[in-house]
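These notes concern the structure reproduced below.
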Amino acid sequence: QVEAMTLAQRMMVMNAGKLEQIGTPEEVYARPASTFVAGFIGSPPMNLLHGMAEDGRLVLDGVALPLPAAAPRAGALILGLRPEHAQLADAGGWPLQVQVVEMLGAERLVHGHV
């Protein structure tokens with residue numbers, strides 16, 4: 001997938017012979033059409049967090065976040081979070097139980113549970 005993301009002007013993502021998405025590498029990365037594409041494209045892959053939409057809020061493990069006006073109706077949903085969009089915070093975030101820190105030269109890949 002690294003070669004496809006680097007060299008392609010347009011790409012197709014297939015899953016078990018089924019077409020999941022067609023688009024530019026930027027489109028597929030930024031707006032995956034399915035949870036399969038979200039978890040497949042990118043290294044490290046997108047984090048997929050399961051929660052509930054209730055009263056205009058997303059509830060994940062007891063923490064409520066406001067949803068945009070165009071949010072889906074109430075019910076179960078999956079929030080996709082790219083690792084590069086996560087950041088450390090002193091307060092107001094989710095506690096993370098760190099399990100492993102991978103040293104990757106200039107970068108660190110942190111594995112844990114929310």
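Here, A, B, ... name the chains of the structure tokens in the order displayed, residue numbers run from 1 inside each chain, and ligands are numbered from 1 in the same displayed order.
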Exercise for the section: Name the residues of range 10-96 of chain A that come out as strand (DSSP E) in a backbone DSSP run; write them as JSON, numbers by chain. Expected result: {"A": [11, 12, 13, 14, 15, 18, 19, 20, 21, 22, 23, 47, 48, 49, 50, 51, 52, 53, 54, 57, 58, 59, 60, 63, 64, 65, 66, 75, 76, 77, 78, 79, 80, 81]}
Problem - Spatial neighbours of Leu48 in chain A, max dist 10 Å, only C-alpha atoms, sep filter under 5 positions, as a list in words - result: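 These residues fall inside the cut-off: Thr35, Ala38, Gly39, Leu77, Ile78, Leu79, Gly80, Leu81 and Arg82 of chain A.
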Please dump the current selection as a PDB file, in the first residue's frame; keep N, CA and C atoms.
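Listed below is the output, result22.pdb:
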```
ATOM      1  N   THR A  35     -15.139   0.980   7.100  1.00  0.00           N
ATOM      2  CA  THR A  35     -14.199   0.700   8.189  1.00  0.00           C
ATOM      3  C   THR A  35     -13.048  -0.166   7.688  1.00  0.00           C
ATOM      4  N   ALA A  38     -10.625   2.294   6.168  1.00  0.00           N
ATOM      5  CA  ALA A  38     -10.041   3.091   7.255  1.00  0.00           C
ATOM      6  C   ALA A  38      -8.948   2.322   7.983  1.00  0.00           C
ATOM      7  N   GLY A  39      -9.172   1.036   8.213  1.00  0.00           N
ATOM      8  CA  GLY A  39      -8.188   0.229   8.916  1.00  0.00           C
ATOM      9  C   GLY A  39      -7.068  -0.279   8.036  1.00  0.00           C
ATOM     10  N   LEU A  77     -22.262   3.919  16.632  1.00  0.00           N
ATOM     11  CA  LEU A  77     -21.439   4.438  15.552  1.00  0.00           C
ATOM     12  C   LEU A  77     -19.985   4.148  15.844  1.00  0.00           C
ATOM     13  N   ILE A  78     -19.160   4.361  14.833  1.00  0.00           N
ATOM     14  CA  ILE A  78     -17.724   4.141  14.960  1.00  0.00           C
ATOM     15  C   ILE A  78     -17.020   5.445  14.627  1.00  0.00           C
ATOM     16  N   LEU A  79     -16.154   5.908  15.530  1.00  0.00           N
ATOM     17  CA  LEU A  79     -15.346   7.107  15.321  1.00  0.00           C
ATOM     18  C   LEU A  79     -13.977   6.668  14.829  1.00  0.00           C
ATOM     19  N   GLY A  80     -13.566   7.187  13.673  1.00  0.00           N
ATOM     20  CA  GLY A  80     -12.236   6.903  13.148  1.00  0.00           C
ATOM     21  C   GLY A  80     -11.292   8.023  13.538  1.00  0.00           C
ATOM     22  N   LEU A  81     -10.167   7.667  14.154  1.00  0.00           N
ATOM     23  CA  LEU A  81      -9.185   8.653  14.612  1.00  0.00           C
ATOM     24  C   LEU A  81      -7.813   8.253  14.085  1.00  0.00           C
ATOM     25  N   ARG A  82      -7.266   9.078  13.195  1.00  0.00           N
ATOM     26  CA  ARG A  82      -5.919   8.827  12.695  1.00  0.00           C
ATOM     27  C   ARG A  82      -4.917   9.106  13.822  1.00  0.00           C
TER      28      ARG A  82
END
```
Fill in the blank from the handout: Using only C-alpha atoms, the residue out of A:Gly42, A:Gln97, A:Leu60, A:Glu84 with shortest distance to Thr6 in chain A is A:Gly42
Exercise for the section: Apply DSSP to the structure's backbone, then extract all residues of chain A labelled alpha helix (DSSP H) and return them as a list of chain:residue names. Expected result: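 The alpha helix (DSSP H) residues within chain A come out as A:Val2, A:Glu3, A:Ala4, A:Met5, A:Thr6, A:Leu7, A:Pro25, A:Glu26, A:Glu27, A:Val28, A:Tyr29, A:Ala30, A:Thr35, A:Phe36, A:Val37, A:Ala38, A:Gly39, A:Phe40.
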Problem - Arg73 in chain A environment, 9 Å, only C-alpha atoms, sequence neighbours closer than 5 positions dropped, as a list in words - result: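 The contact residues come out as Ala53, Glu54, Asp55 and Gly56 of chain A.
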Fill in the blank from the handout: Here CA of Pro32 in chain A and CA of Ala71 in chain A stand apart by 16.9 Å
Practice task
Skip Met12 in chain A itself and residues of its chain fewer than 5 positions away, then list as number ranges by chain all residues within 9 Å of it, counting only C-alpha atoms.
Solution key: A: 19-24, 28
Practice task
Could you jot down the CA of Glu3 in chain A to CA of Pro25 in chain A separation for me, Å, one decimal place?
Solution key: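 So the two atoms, CA of Glu3 in chain A and CA of Pro25 in chain A, lie 10.6 Å apart.
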